[in-house]
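The block underneath contains the structure these notes are about, expressed in structure tokens.
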Amino acid sequence: MINTLGRHFRECLKSLTRNAWMTFASISAVTVTLILVGTFIVIMMNLNHVADNLENDVEIRVLIDVTAKEDAQAKLKTEIEKLEQVDSVVFSSKEQELNNLVESLGEEGKSFELFEQNNPLNDVFIVKAKEPQDTKEVAAKIGKFENASKVKYGQEEVEKLFKVISVSRNIGIALIIGLIFTAMFLISNTIKITIFARRREIEIMKLVGATNGFIRWPFFLEGLFLGALGAVIPIVLIVIGYRSLYAYALPKLQGSFVEFLPFFPFVFQVSAILILIGALIGVWGSLMSVRKFLKV
């Protein structure tokens, strides 16, 4: 078995060196496609990260009726917590709400400090749903409870946010899948030319009793190497490019809702994905191309 495997590796390496131009063409096809695929993967993973952060920041603010006493507030909190979709309920006093307002407005907010003695704001329950998409439904249910004076969650903005996130994800996934299939088509056709030149060799091997599996192995390994080698340059470019972008953008985005994925382990994850995609594309292209010549 070891001798057979060694023979397959030798045949694979012979083919790669003997057909140097075809090898170069196949690797180039994989490289160009994986640069595009890798770029979209980086963009999509960071978009998903930003989207997840935004989704997790979506909260419902329940303004408690100013006439509600402590026991009425406790009852309202219990009713909210009993809702199946609710993850957490946090109380924020009207004093805290005023402080938050003053801090958020900076210098302009100092004028609101005059209201400390006669605070017009409501006590608030800050509610988070287990799933951000349930926010609208949870808000509607809370709005029916006694002593829930007003329920706010930025309805229009939240619904637009979820719609944009959903569309962006779907477009990104469709583009990545399309690019992968394009790469499969390109490498399949490129390898097919190489295999066509060896069709007589395959036919002779079949006639002397070689099994399909025995014939496929060198081509399997060839596709594997072509795909993996084609992933090297995209990985190097993406690692260098992402490191530069991360170092440039990190100080500028400090404190904003936009946050890139950390350089480590993100680049390792992307590298592993690209090697895997490259190897699968190469193997698929080789096996699909050799299949028709096995029918002797």
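Following the order of the structure tokens, first chain is A, next is B, and so on, with residues numbered from 1 inside each chain and ligands from 1 in the order they appear.
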
**Item:** Residue contacts of segment 55-60 of chain A (8 Å, only C-alpha atoms) excluding same-chain residues fewer than 3 positions away, as an MDAnalysis selection string
**Value:** chainID A and resid 51:52 126:129 132 135 139 151:153 158 162

**Item:** Close residues, Asn147 of chain A itself excluded, 9 Å, only C-alpha atoms, min 4 positions apart in chain, as a PyMOL selection string
**Value:** chain A and resi 63-68+72-73+76

Each residue of segment 40-79 of chain A with at least one atom at most 12 Å from segment 229-239 of chain A should appear once, together with its nearest atom pair and the corresponding distance in Å (one decimal); atoms considered: only C-alpha atoms; ordering: chain, then increasing residue number; output as a Markdown table.
```
| residue | atom | partner | partner_atom | distance |
| --- | --- | --- | --- | --- |
| A:Phe40 | CA | A:Ile238 | CA | 10.7 |
| A:Ile41 | CA | A:Ile238 | CA | 10.3 |
| A:Val42 | CA | A:Ile238 | CA | 8.4 |
| A:Ile43 | CA | A:Ile238 | CA | 11.1 |
```

**Complete:** With distances taken over only C-alpha atoms, the candidate from A:Phe181, A:Phe260, A:Trp21, A:Phe145 nearest Thr33 of chain A is A:Phe181

**Request:** Identify, with DSSP run on backbone atoms, the residues in segment 27-214 of chain A assigned to strand (DSSP E or B), and express the list as an MDAnalysis selection string.
**Result:** chainID A and resid 60:64 86:92 124:129 148:152

**Item:** Closest of A:Ala183, A:Leu276, A:Val290, A:Val208 to Ile27 of chain A - atom-to-atom distances counting only C-alpha atoms
**Value:**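 Nearest to Ile27 of chain A: A:Ala183.
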
**Request:** Would you return as a PyMOL selection string the members of segment 137-281 of chain A that DSSP assigns to helix (DSSP H, G or I) on this structure's backbone?
**Result:** chain A and resi 137-142+155-196+199-207+212-230+232-252+263-281

**Message:** With only C-alpha atoms as the counted atoms, please give the residues lying no more than 12 Å from Arg291 of chain A, apart from itself and same-chain residues fewer than 3 positions off, as a PyMOL selection string.
**Reply:** chain A and resi 188+191-192+195-196+199+202-203+212-213+215-216+219-220+284-288+294-296

**Prompt:** Could you pull the residues within 10 Å of segment 247-251 of chain A, counting only C-alpha atoms, minus those fewer than 6 positions along the same chain, as a ChimeraX atom specification?
**Reply:** /A:258-260,262-263

Do you know which residues are at most 9 Å from Ile177 of chain A counting only C-alpha atoms, after dropping those on the same chain fewer than 5 positions away, and could you put them as a short mmCIF file (atom, residue, chain, number, x, y, z; two decimals) with all heavy atoms, in the first residue's frame?
```
data_model
loop_
_atom_site.label_atom_id
_atom_site.label_comp_id
_atom_site.auth_asym_id
_atom_site.auth_seq_id
_atom_site.Cartn_x
_atom_site.Cartn_y
_atom_site.Cartn_z
N VAL A 37 -12.54 35.48 -3.78
CA VAL A 37 -13.31 34.78 -2.75
C VAL A 37 -12.83 35.21 -1.36
O VAL A 37 -13.64 35.50 -0.47
CB VAL A 37 -13.17 33.24 -2.91
CG1 VAL A 37 -13.77 32.53 -1.70
CG2 VAL A 37 -13.87 32.77 -4.17
N GLY A 172 -23.71 38.62 -0.25
CA GLY A 172 -22.34 38.15 -0.01
C GLY A 172 -22.21 36.65 -0.20
O GLY A 172 -21.28 36.17 -0.86
N THR A 182 -17.35 29.34 -10.30
CA THR A 182 -16.54 29.82 -11.43
C THR A 182 -15.15 29.21 -11.39
O THR A 182 -14.61 28.77 -12.41
CB THR A 182 -16.44 31.36 -11.39
OG1 THR A 182 -17.75 31.92 -11.42
CG2 THR A 182 -15.64 31.89 -12.57
#
```
